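Below you'll find the structure, written out as structure tokens, and then a few comments.
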Amino acid sequence: MSIRTILTGEDEPVLHKACHPVTNFDQKLADLLDDMRETLTKAGGVGLAAPQVGILRRAVLVVNDQDQMLELVNPEILDQKGEQDGLEGCLSLPGKWGYVKRPEWVKVKAQDRTGTWFEVEGTGLTARCFCHELSHLDGHLYSELCDRLYTSDELDELMEAQETEE
């Protein structure tokens with residue numbers, strides 16, 4: 001296993017390309033998923049998509065609300081309900097955050113590293129992560145969905161102002 005470089009910047013071309021389905025469930029895929037796991041763990045994030053490490057394949061990792069790291073290959077959203085509005089960040093846009101509307105509950109169908117299909121669902125942050133990471137597979141960043149991006153300093157000021165109001 002090795003730590004891969006996470007591509008950064010809204011102008012990074014790979015981050016705006018649609019990914020190809022995974023068709024070979026082999027050692028190369030297992031190595032990619034293992035490397036992504038190690039990369040995500042080191043980065044301290046809650047999700048990582050293959051294009052963020054320069055690989056245009058439909059594979060993502062999501063840390064769910066039970067702190068399990070889920071491997072989702074060829075994932076697709078089957079159903080979604082409700083709505084939540086919250087802050088999102090991204091390992092590919094370090095130091096920036098924005099408010100994004102996402103569903104409160106999401107059900108996903110995906111394959112595991114051996115090609116076996118399964119379904120998984122999540123609420124809250126897990127649902128948000130499913131949507132965020134699957135968007136990467138179609139070449140989209142969360143920044144396309146928010147009115148503006150906040151820097152760390154701006155976010156600190158915003159949080160302070162909200163605490164003062166309460």
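Labels for the structure tokens follow display order: chains A, B, ..., residues from 1 in each chain, ligands from 1.
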
Please report, as an MDAnalysis selection string, each residue of segment 1-165 of chain A to which DSSP assigns strand (DSSP E or B) when run on this structure's backbone. chainID A and resid 20 47:49 57 59:63 69:81 84:88 96:102 105:111 117:123 150:151

Contact check, segment 47-75 of chain A to segment 5-19 of chain A, at most 9 Å, counting only C-alpha atoms, closest pairs as JSON lines:
```
{"residue": "A:Ala50", "atom": "CA", "partner": "A:Cys19", "partner_atom": "CA", "distance": 8.6}
{"residue": "A:Pro51", "atom": "CA", "partner": "A:Leu15", "partner_atom": "CA", "distance": 6.0}
{"residue": "A:Gln52", "atom": "CA", "partner": "A:Leu7", "partner_atom": "CA", "distance": 5.3}
{"residue": "A:Val53", "atom": "CA", "partner": "A:Ile6", "partner_atom": "CA", "distance": 4.9}
{"residue": "A:Gly54", "atom": "CA", "partner": "A:Val14", "partner_atom": "CA", "distance": 6.5}
{"residue": "A:Ile55", "atom": "CA", "partner": "A:Cys19", "partner_atom": "CA", "distance": 8.1}
{"residue": "A:Leu56", "atom": "CA", "partner": "A:Cys19", "partner_atom": "CA", "distance": 4.5}
{"residue": "A:Arg57", "atom": "CA", "partner": "A:Cys19", "partner_atom": "CA", "distance": 4.8}
{"residue": "A:Arg58", "atom": "CA", "partner": "A:Cys19", "partner_atom": "CA", "distance": 5.6}
{"residue": "A:Ala59", "atom": "CA", "partner": "A:Cys19", "partner_atom": "CA", "distance": 8.8}
```

Quick one, how far is atom CA of Glu154 of chain A from atom CA of Ser92 of chain A? 18.9 Å

Rounded to one decimal place, report the atom CA of Lys81 of chain A-atom CA of Gly122 of chain A distance in Å.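 Atom CA of Gly122 of chain A lies at a distance of 10.7 Å from atom CA of Lys81 of chain A.
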
Identify, on the basis of only C-alpha atoms, every residue whose closest approach to Met69 of chain A does not exceed 10 Å; exclude the query and any residue fewer than 6 positions from it along the same chain; express the result as a ChimeraX atom specification. /A:37,40-41,46-47,61-63
